[in-house]
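S.K.: Attaching a single structure in structure tokens format; questions to follow.
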Protein chains: 2
Amino acid sequence: MMDLSERKKKILQAIVDEYIRTADPVGSRAISKKENLGLSSATIRNEMADLEEMGYLIQPHTSAGRIPSDEGYRFYVNSLMQYYQIGLEAIAQLQQVFAARVTQLDNLIRRAGAMVSALTDYTTLITTPARKHETIRKIDLVKIGYDKIMLLVVTHTAQSHIMTAKIDDSSCVRLAEILNKNLAGLKADEINFGLIQSLQEQISEQISLPAKVLINILNFVYETISEPNDAEIYLDNANAILKYPEYADIDKAREMVGFLEDKENLKKLVEGGGEEGISARIGKENNLEILKDCSIVTVNYSLDDRASGKLAVIGPKRMNYAKVFASLDRISSEIDKILKEYISYE
Amino acid sequence: MMDLSERKKKILQAIVDEYIRTADPVGSRAISKKENLGLSSATIRNEMADLEEMGYLIQPHTSAGRIPSDEGYRFYVNSLMQYYQIGLEAIAQLQQVFAARVTQLDNLIRRAGAMVSALTDYTTLITTPARKHETIRKIDLVKIGYDKIMLLVVTHTAQSHIMTAKIDDSSCVRLAEILNKNLAGLKADEINFGLIQSLQEQISEQISLPAKVLINILNFVYETISEPNDAEIYLDNANAILKYPEYADIDKAREMVGFLEDKENLKKLVEGGGEEGISARIGKENNLEILKDCSIVTVNYSLDDRASGKLAVIGPKRMNYAKVFASLDRISSEIDKILKEYISYE
DNA sequence: TGTTAGCACTCAAGGTATATGAGTGCTAAT
DNA sequence: ATTAGCACTCATATACCTTGAGTGCTAACA
């Protein structure tokens with residue numbers, strides 16, 4: 001790699017930055033105006049010609065500006081790039097996403113959605129069952145390190161949640177016993193302040209455990225059975241629409257994908273569906289301008305009022321209805337089976 | 001809904017079927033040729049004119065064929081549609097997908113990938129850690145119904161797996177004890193035929209349990225710690241490419257999405273990446289025609305040789321490298337933290 | 001010697017006119 | 001009631017032209 005003068009570096013950096021921003025070939029005038037180099041476009045042109053000869057820039061055609069070559073990008077990445085600071089809101093969001101708990105059952109449901117889209121080649125929507133009256137089946141503490149335990153909370157919907165904490169070995173078994181004796185069988189609304197206090201007393205009598213750790217554990221158990229993440233909705237195979245000629249216009253495709261990326265929209269979509277069996281909403285029956293050329297086929301899956309959700313296929317109006325109906329029929333009954341297996345009564 | 005003659009029904013069905021297949025307006029000649037109605041195109045034309053007047057068909061413009069109206073589709077769905085039989089291979093595949101086990105850790109990893117694509121707005125690739133030498137920490141049997149138990153297998157990488165089986169209440173506790181005493185701490189290659197046999201003997205001495213159920217349980221435990229689903233790979237936000245003008249050409253977009261949908265391709269993609277730290281492959285450095293206008297930025301996450309994987313961002317060559325580098329740096333260290341928390345040593 | 005203004009030149013992008021052909025509706029014959 | 005024949009329509013494709021952004025080069029200038 002040849003040595004570049006400071007001025008050439010500045011110009012190259014400006015070109016790459018600008019091209020990254022706009023995706024349009026960058027002309028000499030734009031650089032001379034934007035940068036505070038105090039150079040005319042003609043001078044920039046000369047420098048750009050040099051940079052092109054050196055292999056850092058490319059001219060798509062004679063009368064266009066320059067774009068970076070692979071070597072230009074490489075030089076930029078190695079030497080020119082400025083440090084980027086991630087925004088605070090983004091980091092906060094990040095923590096939240098990692099904190100959210102997804103259960104095994106949710107996972108299965110989600111995969112069922114993926115199955116439908118694999119079967120039909122259309123975009124699929126699926127909601128996980130809203131969990132109400134979650135009851136604790138069993139709490140388990142498993143030692144997974146010399147000063148680390150894993151807390152497992154199993155509920156009647158077979159949700160298992162995992163957290164880790166530092167507790168010494170001997171306390172582990174005892175703590176599990178106390179927790180199970182006091183909490184097994186309870187619902188969220190049955191865990192009240194009095195119970196928590198009596199638990200804290202019992203535990204502090206028998207086990208030496210920092211208050212903070214105990215609070216963390218109880219908090220985790222409570223959150224597991226209360227209803228924070230109700231009825232999550234998942235979208236699968238959104239880019240299936242690319243395959244259909246009705247979306248050959250890229251702007252239409254973008255609009256549609258944009259629409260589908262907003263979970264609020266999706267929730268409204270599945271809401272409408274019929275009560276039982278498979279039902280289709282065709283074109284204008286959707287009462288939504290953007291969906292006037294789409295059909296949505298919906299089916300409910302359910303075990304009982306404790307666990308039910310919706311499964312939907314969204315595609316062009318000229319979708320293969322027969323195939324979609326058959327697939328939804330099949331998978332929804334498959335989900336019913338899974339629910340029956342996983343969810344325990346009383 | 002008006003009554004239609006049998007002939008009109010046949011013609012309407014043929015038109016909808018054909019339009020679903022081709023997405024092109026259907027002409028009278030096509031129907032007269034394809035169907036065995038023994039009618040000329042002129043007759044079909046008359047019938048089509050009738051169907052249009054009744055509201056079942058629409059003519060996009062004078063010199064085009066007909067397409068179904070919303071009412072046409074509705075009539076088709078309600079009365080005309082043929083029953084569709086799902087293929088056997090599809091069903092077999094379906095069973096397999098449901099049977100596959102996804103761990104909580106895999107889930108977290110996957111969400112980390114989603115985070116990166118949210119942060120950068122580029123397509124993200126992430127591999128879950130390949131699990132070797134999985135050891136059993138604890139086996140737990142939780143009663144979740146009057147004749148149903150849940151089998152939980154916790155391993156040193158904090159994977160918990162769930163299966164259900166029918167076992168009566170009293171056997172439950174005893175079985176858990178036996179399993180834990182014999183299996184805790186073992187790796188897959190330490191579970192041999194002799195051990196299994198001795199286990200079967202012990203259990204059949206103390207508990208009355210159908211042989212089939214026991215085999216299912218042991219099989220499940222074994223599969224949990226052996227390495228069937230090693231290093232899964234996930235793709236997130238594939239339709240991000242729609243947002244970039246380099247894919248304004250729908251065919252390019254389709255080609256790219258098609259490429260990304262094949263997991264074999266993805267595996268090759270992340271394989272190449274650098275050894276440590278963040279590294280970028282720009283354009284032709286990818287040595288792949290389809291990626292000549294793309295860049296791939298890769299980072300390894302790892303705790304040690306037991307658990308490591310890759311995280312990659314794929315986007316246009318003019319991607320915001322600074323932002324991508326910063327995001328990958330951040331998330332990969334976040335994953336490292338999670339691994340440290342979840343995975344236990346000896 | 002490096003920088004700049006001026007100018008002719010190039011070529012992609014976009015707009016307009018023309019040619020093509022699939023499919024129709026209507027009429028007259030069967 | 002059905003069909004062959006024919007004039008008519010209109011989206012699509014192609015060719016042609018216009019426009020303008022950006023260049024390279026030359027000559028003047030500091």
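We name chains A, B, ... following the order of the structure tokens; residues begin at 1 in each chain, and ligands are numbered from 1 as shown.
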Counting only C-alpha atoms, which residues of stretch 119-150 of chain A sit at most 10 Å from some atom of stretch 254-268 of chain A, and what is each one's closest atom pair with its distance in Å to one decimal, listed by chain and rising residue number, as a Markdown table?
M.R.:
```
| residue | atom | partner | partner_atom | distance |
| --- | --- | --- | --- | --- |
| A:Thr123 | CA | A:Leu260 | CA | 9.5 |
| A:Leu125 | CA | A:Leu266 | CA | 7.6 |
| A:Ile126 | CA | A:Leu266 | CA | 9.4 |
| A:Thr127 | CA | A:Lys267 | CA | 8.6 |
```
S.K.: Write the residues you've just listed into a file as a PDB file, in the first residue's frame, and include C-alpha atoms for each of them.
M.R.:
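Saved as out_23.pdb:
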```pdb
ATOM      1  CA  THR A 123     -45.371 -15.302   5.204  1.00  0.00           C
ATOM      2  CA  LEU A 125     -47.777 -15.031  11.683  1.00  0.00           C
ATOM      3  CA  ILE A 126     -48.112 -16.817  14.985  1.00  0.00           C
ATOM      4  CA  THR A 127     -48.954 -15.693  18.481  1.00  0.00           C
TER       5      THR A 127
END
```
S.K.: Please provide the set of residues having any atom within 8 Å of C:DT24, restricted to only C-alpha atoms (C1' of nucleotides), with same-chain residues fewer than 6 positions apart removed, written as a ChimeraX atom specification.
M.R.: /B:62-64
S.K.: Of the residues B:His61, B:Arg137, B:Lys252, B:Arg330, which is the one nearest to D:DC10, using only C-alpha atoms (C1' of nucleotides)?
M.R.: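 Looking only at the distances to D:DC10, the closest residue turns out to be B:His61.
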S.K.: Return as a Markdown table the residues of chain B lying at most 12 Å from chain C, together with the closest atom-to-atom pair for each and the distance in Å to one decimal, counting only C-alpha atoms (C1' of nucleotides), with rows in chain order and ascending residue number.
M.R.:
```
| residue | atom | partner | partner_atom | distance |
| --- | --- | --- | --- | --- |
| B:Asp24 | CA | C:DA22 | C1' | 11.8 |
| B:Pro25 | CA | C:DG23 | C1' | 10.0 |
| B:Val26 | CA | C:DG23 | C1' | 9.4 |
| B:Gly27 | CA | C:DG23 | C1' | 6.5 |
| B:Ser28 | CA | C:DG23 | C1' | 8.0 |
| B:Arg29 | CA | C:DG23 | C1' | 8.7 |
| B:Ala30 | CA | C:DG23 | C1' | 10.6 |
| B:Ser41 | CA | C:DG23 | C1' | 10.7 |
| B:Ala42 | CA | C:DG25 | C1' | 9.8 |
| B:Ile44 | CA | C:DT24 | C1' | 11.7 |
| B:Arg45 | CA | C:DT24 | C1' | 8.3 |
| B:Asn46 | CA | C:DG25 | C1' | 9.3 |
| B:Met48 | CA | C:DT24 | C1' | 11.0 |
| B:Ala49 | CA | C:DG25 | C1' | 9.5 |
| B:Gln59 | CA | C:DT24 | C1' | 10.1 |
| B:Pro60 | CA | C:DG23 | C1' | 11.7 |
| B:His61 | CA | C:DT24 | C1' | 9.7 |
| B:Thr62 | CA | C:DT24 | C1' | 6.5 |
| B:Ser63 | CA | C:DG23 | C1' | 4.9 |
| B:Ala64 | CA | C:DG23 | C1' | 5.4 |
| B:Gly65 | CA | C:DG23 | C1' | 6.2 |
| B:Arg66 | CA | C:DG23 | C1' | 9.7 |
```
S.K.: Pick from A:Gln104, A:Thr128, A:Thr22, A:Gln95: nearest to B:Arg318, with only C-alpha atoms counted?
M.R.: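 For B:Arg318, the nearest of the given residues is A:Thr22.
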S.K.: What's the separation between atom CA of B:Tyr76 and atom CA of B:Val16, in Å to one decimal place?
M.R.: 7.5 Å
S.K.: Please identify every residue of chain D that has at least one atom no farther than 9 Å from an atom of chain B, counting only C-alpha atoms (C1' of nucleotides), and for each give the shortest atom pair and the distance in Å to one decimal, arranged by chain then increasing number, as a Markdown table.
M.R.:
```
| residue | atom | partner | partner_atom | distance |
| --- | --- | --- | --- | --- |
| D:DT2 | C1' | B:Thr43 | CA | 6.7 |
| D:DT3 | C1' | B:Ala42 | CA | 6.6 |
| D:DA4 | C1' | B:Ala42 | CA | 8.8 |
| D:DT9 | C1' | B:Ser63 | CA | 5.8 |
| D:DC10 | C1' | B:Ser63 | CA | 6.1 |
| D:DA11 | C1' | B:Ser63 | CA | 8.2 |
```
S.K.: Tell me as an NGL selection string which residues belonging to chain A come within 6 Å of chain B, counting only C-alpha atoms.
M.R.: :A and (20 or 84 or 144-145 or 318 or 322-323 or 344)
S.K.: Among stretch 66-285 of chain A, which ones does DSSP assign to alpha helix (DSSP H) (computed from the backbone)? Answer as a compact mmCIF listing (two decimals) with N, CA and C atoms, in the first residue's frame.
M.R.:
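Generated output (out.txt):
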```txt
# COMPACT_ATOMS: atom_id res chain seq x y z
N ASP A 70 -12.63 -1.67 -3.88
CA ASP A 70 -12.44 -2.55 -2.72
C ASP A 70 -11.22 -2.10 -1.92
N GLU A 71 -10.16 -1.73 -2.65
CA GLU A 71 -8.94 -1.28 -1.97
C GLU A 71 -9.21 0.02 -1.20
N GLY A 72 -10.04 0.87 -1.80
CA GLY A 72 -10.40 2.11 -1.12
C GLY A 72 -11.10 1.85 0.20
N TYR A 73 -12.07 0.95 0.17
CA TYR A 73 -12.76 0.58 1.41
C TYR A 73 -11.78 -0.01 2.41
N ARG A 74 -10.94 -0.87 1.91
CA ARG A 74 -9.97 -1.53 2.79
C ARG A 74 -9.10 -0.50 3.51
N PHE A 75 -8.60 0.46 2.74
CA PHE A 75 -7.79 1.52 3.35
C PHE A 75 -8.60 2.30 4.37
N LEU A 88 -27.09 5.57 23.92
CA LEU A 88 -27.49 5.04 25.23
C LEU A 88 -28.82 4.31 25.17
N GLU A 89 -29.76 4.87 24.39
CA GLU A 89 -31.07 4.21 24.30
C GLU A 89 -30.91 2.80 23.72
N ALA A 90 -30.03 2.70 22.72
CA ALA A 90 -29.81 1.40 22.10
C ALA A 90 -29.29 0.40 23.13
N ILE A 91 -28.38 0.85 23.96
CA ILE A 91 -27.83 -0.05 24.98
C ILE A 91 -28.89 -0.46 25.98
N ALA A 92 -29.72 0.50 26.35
CA ALA A 92 -30.79 0.21 27.30
C ALA A 92 -31.72 -0.86 26.73
N GLN A 93 -32.06 -0.67 25.46
CA GLN A 93 -32.93 -1.61 24.77
C GLN A 93 -32.31 -3.00 24.77
N LEU A 94 -31.03 -2.99 24.54
CA LEU A 94 -30.26 -4.23 24.47
C LEU A 94 -30.38 -5.02 25.76
N GLN A 95 -30.20 -4.33 26.87
CA GLN A 95 -30.31 -5.00 28.17
C GLN A 95 -31.69 -5.64 28.32
N GLN A 96 -32.68 -4.90 27.87
CA GLN A 96 -34.04 -5.35 28.01
C GLN A 96 -34.29 -6.63 27.21
N VAL A 97 -33.81 -6.62 26.01
CA VAL A 97 -34.01 -7.79 25.16
C VAL A 97 -33.38 -9.02 25.77
N PHE A 98 -32.18 -8.84 26.32
CA PHE A 98 -31.52 -9.99 26.93
C PHE A 98 -32.25 -10.45 28.17
N ALA A 99 -32.90 -9.52 28.85
CA ALA A 99 -33.57 -9.87 30.09
C ALA A 99 -34.87 -10.63 29.83
N GLN A 104 -39.69 -22.58 26.59
CA GLN A 104 -39.59 -23.69 25.65
C GLN A 104 -40.86 -23.80 24.81
N LEU A 105 -41.98 -23.57 25.47
CA LEU A 105 -43.24 -23.69 24.75
C LEU A 105 -43.34 -22.62 23.66
N ASP A 106 -42.96 -21.40 24.02
CA ASP A 106 -42.94 -20.33 23.02
C ASP A 106 -42.09 -20.74 21.81
N ASN A 107 -41.01 -21.39 22.14
CA ASN A 107 -40.11 -21.86 21.09
C ASN A 107 -40.77 -22.83 20.14
N LEU A 108 -41.45 -23.77 20.71
CA LEU A 108 -42.15 -24.76 19.90
C LEU A 108 -43.18 -24.09 19.02
N ILE A 109 -43.92 -23.19 19.62
CA ILE A 109 -44.95 -22.47 18.87
C ILE A 109 -44.32 -21.73 17.70
N ARG A 110 -43.23 -21.09 18.01
CA ARG A 110 -42.56 -20.32 16.97
C ARG A 110 -42.11 -21.22 15.83
N ARG A 111 -41.60 -22.37 16.19
CA ARG A 111 -41.17 -23.29 15.15
C ARG A 111 -42.34 -23.81 14.34
N ALA A 112 -43.48 -23.93 15.00
CA ALA A 112 -44.68 -24.34 14.26
C ALA A 112 -44.99 -23.31 13.17
N GLY A 113 -44.84 -22.04 13.52
CA GLY A 113 -45.04 -20.99 12.53
C GLY A 113 -44.08 -21.14 11.37
N ALA A 114 -42.83 -21.43 11.70
CA ALA A 114 -41.82 -21.61 10.66
C ALA A 114 -42.20 -22.78 9.76
N MET A 115 -42.77 -23.81 10.36
CA MET A 115 -43.20 -24.97 9.59
C MET A 115 -44.23 -24.58 8.54
N VAL A 116 -45.19 -23.80 8.95
CA VAL A 116 -46.24 -23.39 8.02
C VAL A 116 -45.65 -22.62 6.85
N SER A 117 -44.72 -21.73 7.15
CA SER A 117 -44.16 -20.96 6.05
C SER A 117 -43.30 -21.84 5.16
N ALA A 118 -42.71 -22.88 5.74
CA ALA A 118 -41.95 -23.82 4.92
C ALA A 118 -42.89 -24.63 4.03
N LEU A 119 -44.02 -24.98 4.60
CA LEU A 119 -45.00 -25.79 3.88
C LEU A 119 -45.64 -25.01 2.73
N THR A 120 -45.96 -23.77 3.00
CA THR A 120 -46.76 -23.01 2.03
C THR A 120 -45.95 -22.01 1.21
N ASP A 169 -22.80 -24.10 48.66
CA ASP A 169 -23.31 -25.44 48.40
C ASP A 169 -24.36 -25.90 49.41
N SER A 170 -24.04 -25.79 50.67
CA SER A 170 -24.89 -26.39 51.71
C SER A 170 -26.28 -25.74 51.75
N SER A 171 -26.33 -24.43 51.47
CA SER A 171 -27.60 -23.73 51.54
C SER A 171 -28.54 -24.13 50.43
N CYS A 172 -27.95 -24.64 49.40
CA CYS A 172 -28.68 -24.88 48.15
C CYS A 172 -29.88 -25.80 48.35
N VAL A 173 -29.62 -26.95 48.87
CA VAL A 173 -30.67 -27.95 49.03
C VAL A 173 -31.74 -27.45 49.98
N ARG A 174 -31.28 -26.87 51.09
CA ARG A 174 -32.21 -26.38 52.11
C ARG A 174 -33.14 -25.31 51.53
N LEU A 175 -32.53 -24.39 50.77
CA LEU A 175 -33.29 -23.29 50.19
C LEU A 175 -34.37 -23.83 49.24
N ALA A 176 -33.97 -24.82 48.45
CA ALA A 176 -34.92 -25.40 47.50
C ALA A 176 -36.11 -25.99 48.24
N GLU A 177 -35.82 -26.67 49.31
CA GLU A 177 -36.89 -27.27 50.11
C GLU A 177 -37.88 -26.22 50.60
N ILE A 178 -37.32 -25.16 51.18
CA ILE A 178 -38.18 -24.11 51.73
C ILE A 178 -39.03 -23.47 50.64
N LEU A 179 -38.38 -23.18 49.53
CA LEU A 179 -39.10 -22.52 48.45
C LEU A 179 -40.24 -23.41 47.96
N ASN A 180 -39.94 -24.68 47.74
CA ASN A 180 -40.96 -25.58 47.22
C ASN A 180 -42.12 -25.73 48.19
N LYS A 181 -41.78 -25.87 49.46
CA LYS A 181 -42.83 -26.08 50.46
C LYS A 181 -43.78 -24.90 50.49
N ASN A 182 -43.23 -23.72 50.36
CA ASN A 182 -44.04 -22.51 50.50
C ASN A 182 -44.70 -22.03 49.21
N LEU A 183 -44.08 -22.33 48.10
CA LEU A 183 -44.54 -21.70 46.86
C LEU A 183 -45.23 -22.65 45.88
N PHE A 193 -47.37 -9.83 50.23
CA PHE A 193 -46.28 -9.32 51.05
C PHE A 193 -46.05 -10.15 52.30
N GLY A 194 -47.16 -10.58 52.92
CA GLY A 194 -47.04 -11.39 54.12
C GLY A 194 -46.26 -12.67 53.88
N LEU A 195 -46.59 -13.31 52.77
CA LEU A 195 -45.92 -14.56 52.44
C LEU A 195 -44.42 -14.35 52.23
N ILE A 196 -44.13 -13.29 51.50
CA ILE A 196 -42.72 -12.98 51.24
C ILE A 196 -41.98 -12.77 52.57
N GLN A 197 -42.60 -12.03 53.45
CA GLN A 197 -41.95 -11.77 54.73
C GLN A 197 -41.71 -13.04 55.54
N SER A 198 -42.73 -13.88 55.57
CA SER A 198 -42.58 -15.12 56.34
C SER A 198 -41.49 -15.98 55.71
N LEU A 199 -41.42 -15.95 54.37
CA LEU A 199 -40.38 -16.69 53.67
C LEU A 199 -39.00 -16.16 54.07
N GLN A 200 -38.89 -14.84 54.05
CA GLN A 200 -37.60 -14.23 54.38
C GLN A 200 -37.17 -14.61 55.80
N GLU A 201 -38.14 -14.60 56.70
CA GLU A 201 -37.81 -14.98 58.08
C GLU A 201 -37.33 -16.42 58.16
N GLN A 202 -38.14 -17.31 57.60
CA GLN A 202 -37.77 -18.73 57.61
C GLN A 202 -36.36 -18.96 57.09
N ILE A 203 -36.11 -18.30 55.95
CA ILE A 203 -34.83 -18.54 55.31
C ILE A 203 -33.68 -17.97 56.13
N SER A 204 -33.86 -16.74 56.61
CA SER A 204 -32.75 -16.14 57.35
C SER A 204 -32.50 -16.89 58.65
N GLU A 205 -33.50 -17.57 59.17
CA GLU A 205 -33.28 -18.41 60.35
C GLU A 205 -32.35 -19.56 60.06
N GLN A 206 -32.59 -20.19 58.89
CA GLN A 206 -31.91 -21.46 58.62
C GLN A 206 -30.67 -21.34 57.74
N ALA A 211 -29.21 -10.71 51.76
CA ALA A 211 -30.59 -10.32 51.48
C ALA A 211 -30.80 -10.06 49.99
N LYS A 212 -29.81 -9.48 49.37
CA LYS A 212 -29.95 -9.09 47.96
C LYS A 212 -30.16 -10.31 47.07
N VAL A 213 -29.41 -11.37 47.35
CA VAL A 213 -29.54 -12.59 46.55
C VAL A 213 -30.94 -13.17 46.70
N LEU A 214 -31.41 -13.19 47.92
CA LEU A 214 -32.73 -13.75 48.17
C LEU A 214 -33.81 -12.95 47.44
N ILE A 215 -33.67 -11.65 47.52
CA ILE A 215 -34.65 -10.80 46.84
C ILE A 215 -34.63 -11.05 45.34
N ASN A 216 -33.44 -11.19 44.80
CA ASN A 216 -33.32 -11.50 43.38
C ASN A 216 -34.07 -12.78 43.02
N ILE A 217 -33.86 -13.78 43.84
CA ILE A 217 -34.48 -15.07 43.57
C ILE A 217 -36.00 -14.98 43.64
N LEU A 218 -36.49 -14.37 44.71
CA LEU A 218 -37.94 -14.26 44.85
C LEU A 218 -38.54 -13.44 43.72
N ASN A 219 -37.83 -12.41 43.38
CA ASN A 219 -38.26 -11.55 42.29
C ASN A 219 -38.36 -12.34 40.99
N PHE A 220 -37.37 -13.16 40.75
CA PHE A 220 -37.35 -13.97 39.53
C PHE A 220 -38.53 -14.93 39.50
N VAL A 221 -38.77 -15.57 40.63
CA VAL A 221 -39.88 -16.51 40.70
C VAL A 221 -41.19 -15.78 40.43
N TYR A 222 -41.34 -14.63 41.04
CA TYR A 222 -42.58 -13.89 40.87
C TYR A 222 -42.79 -13.46 39.43
N GLU A 223 -41.73 -12.96 38.83
CA GLU A 223 -41.84 -12.51 37.44
C GLU A 223 -42.17 -13.66 36.50
N THR A 224 -41.67 -14.82 36.86
CA THR A 224 -41.91 -15.97 36.00
C THR A 224 -43.39 -16.30 35.90
N ILE A 225 -44.10 -16.15 37.01
CA ILE A 225 -45.51 -16.54 36.97
C ILE A 225 -46.45 -15.35 36.79
N ILE A 250 -40.33 -2.81 -6.53
CA ILE A 250 -39.56 -2.81 -5.29
C ILE A 250 -40.19 -1.92 -4.22
N ASP A 251 -40.84 -0.85 -4.65
CA ASP A 251 -41.43 0.05 -3.67
C ASP A 251 -42.60 -0.62 -2.95
N LYS A 252 -43.38 -1.37 -3.72
CA LYS A 252 -44.47 -2.13 -3.10
C LYS A 252 -43.92 -3.13 -2.09
N ALA A 253 -42.86 -3.82 -2.51
CA ALA A 253 -42.25 -4.81 -1.62
C ALA A 253 -41.77 -4.13 -0.34
N ARG A 254 -41.11 -2.99 -0.50
CA ARG A 254 -40.62 -2.27 0.67
C ARG A 254 -41.75 -1.86 1.60
N GLU A 255 -42.79 -1.33 0.99
CA GLU A 255 -43.93 -0.87 1.78
C GLU A 255 -44.51 -2.03 2.60
N MET A 256 -44.66 -3.16 1.92
CA MET A 256 -45.25 -4.33 2.56
C MET A 256 -44.36 -4.83 3.70
N VAL A 257 -43.09 -4.99 3.41
CA VAL A 257 -42.18 -5.47 4.45
C VAL A 257 -42.16 -4.50 5.62
N GLY A 258 -42.15 -3.21 5.31
CA GLY A 258 -42.20 -2.21 6.37
C GLY A 258 -43.43 -2.38 7.23
N PHE A 259 -44.55 -2.60 6.59
CA PHE A 259 -45.80 -2.83 7.31
C PHE A 259 -45.70 -4.04 8.22
N LEU A 260 -45.14 -5.11 7.69
CA LEU A 260 -45.06 -6.36 8.45
C LEU A 260 -44.05 -6.30 9.58
N GLU A 261 -43.13 -5.35 9.50
CA GLU A 261 -42.11 -5.28 10.55
C GLU A 261 -42.65 -4.63 11.82
N LYS A 263 -44.93 -4.67 14.80
CA LYS A 263 -45.71 -5.69 15.51
C LYS A 263 -47.12 -5.23 15.84
N GLU A 264 -47.28 -3.93 15.98
CA GLU A 264 -48.63 -3.41 16.26
C GLU A 264 -49.56 -3.76 15.10
N ASN A 265 -49.06 -3.60 13.89
CA ASN A 265 -49.85 -3.96 12.72
C ASN A 265 -50.21 -5.45 12.75
N LEU A 266 -49.22 -6.26 13.07
CA LEU A 266 -49.44 -7.70 13.06
C LEU A 266 -50.52 -8.09 14.06
N LYS A 267 -50.46 -7.46 15.22
CA LYS A 267 -51.46 -7.80 16.23
C LYS A 267 -52.86 -7.50 15.73
N LYS A 268 -53.00 -6.35 15.07
CA LYS A 268 -54.30 -6.03 14.52
C LYS A 268 -54.72 -7.05 13.47
N LEU A 269 -53.76 -7.51 12.72
CA LEU A 269 -54.06 -8.46 11.64
C LEU A 269 -54.69 -9.74 12.16
N VAL A 270 -54.08 -10.33 13.18
CA VAL A 270 -54.59 -11.61 13.65
C VAL A 270 -55.85 -11.44 14.50
N GLU A 271 -56.04 -10.25 15.04
CA GLU A 271 -57.20 -10.02 15.87
C GLU A 271 -58.51 -10.36 15.16
```
S.K.: Could you pull out all residues of stretch 130-300 of chain B with a DSSP call of strand (DSSP E or B) and give them as a ChimeraX atom specification?
M.R.: /B:135-145,148-155,160-165,187,233-236,279-282,294-300
S.K.: Save the residues we just selected, C-alpha atoms, as an mmCIF file, in the first residue's frame?
M.R.:
```
data_model
loop_
_atom_site.group_PDB
_atom_site.id
_atom_site.type_symbol
_atom_site.label_atom_id
_atom_site.label_comp_id
_atom_site.auth_asym_id
_atom_site.auth_seq_id
_atom_site.Cartn_x
_atom_site.Cartn_y
_atom_site.Cartn_z
ATOM 1 C CA THR B 135 -21.928 -33.261 30.999
ATOM 2 C CA ILE B 136 -25.044 -33.997 32.974
ATOM 3 C CA ARG B 137 -25.540 -31.777 36.000
ATOM 4 C CA LYS B 138 -28.880 -32.904 37.198
ATOM 5 C CA ILE B 139 -31.894 -34.829 36.096
ATOM 6 C CA ASP B 140 -35.211 -33.840 37.489
ATOM 7 C CA LEU B 141 -38.651 -35.362 37.243
ATOM 8 C CA VAL B 142 -41.488 -32.986 37.885
ATOM 9 C CA LYS B 143 -45.017 -34.214 38.154
ATOM 10 C CA ILE B 144 -47.190 -32.110 35.928
ATOM 11 C CA GLY B 145 -50.363 -34.161 35.777
ATOM 12 C CA LYS B 148 -47.651 -37.245 33.425
ATOM 13 C CA ILE B 149 -44.174 -36.167 34.397
ATOM 14 C CA MET B 150 -41.754 -33.756 32.904
ATOM 15 C CA LEU B 151 -38.157 -34.796 32.493
ATOM 16 C CA LEU B 152 -35.652 -32.002 32.888
ATOM 17 C CA VAL B 153 -32.046 -32.553 32.000
ATOM 18 C CA VAL B 154 -29.665 -29.829 33.089
ATOM 19 C CA THR B 155 -26.172 -29.873 31.665
ATOM 20 C CA SER B 160 -32.405 -27.602 29.959
ATOM 21 C CA HIS B 161 -34.490 -29.956 27.929
ATOM 22 C CA ILE B 162 -38.024 -31.032 28.455
ATOM 23 C CA MET B 163 -39.886 -34.156 27.611
ATOM 24 C CA THR B 164 -43.056 -35.604 29.024
ATOM 25 C CA ALA B 165 -43.877 -39.173 29.935
ATOM 26 C CA LYS B 187 -20.375 -37.182 29.415
ATOM 27 C CA ILE B 233 -26.858 -20.968 12.409
ATOM 28 C CA TYR B 234 -29.452 -18.215 12.421
ATOM 29 C CA LEU B 235 -30.184 -15.473 9.980
ATOM 30 C CA ASP B 236 -31.847 -12.307 11.068
ATOM 31 C CA SER B 279 -12.479 -8.517 10.842
ATOM 32 C CA ALA B 280 -14.050 -7.436 7.598
ATOM 33 C CA ARG B 281 -14.082 -9.042 4.192
ATOM 34 C CA ILE B 282 -14.764 -6.483 1.524
ATOM 35 C CA CYS B 294 -21.088 -7.041 -0.229
ATOM 36 C CA SER B 295 -18.996 -6.814 2.861
ATOM 37 C CA ILE B 296 -19.048 -9.236 5.738
ATOM 38 C CA VAL B 297 -17.861 -8.252 9.173
ATOM 39 C CA THR B 298 -17.207 -11.109 11.552
ATOM 40 C CA VAL B 299 -16.380 -11.487 15.204
ATOM 41 C CA ASN B 300 -15.825 -14.547 17.365
#
```
S.K.: One decimal, in Å: what's the spacing between atom CA of A:Gly315 and atom CA of A:Ile278?
M.R.: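 These atoms are spaced 15.4 Å apart.
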S.K.: Give the answer as one residue: which of B:Leu339, B:Glu52, B:Ile167, B:Lys34 has the shortest atom-to-atom distance to B:Leu303, using only C-alpha atoms?
M.R.: B:Leu339
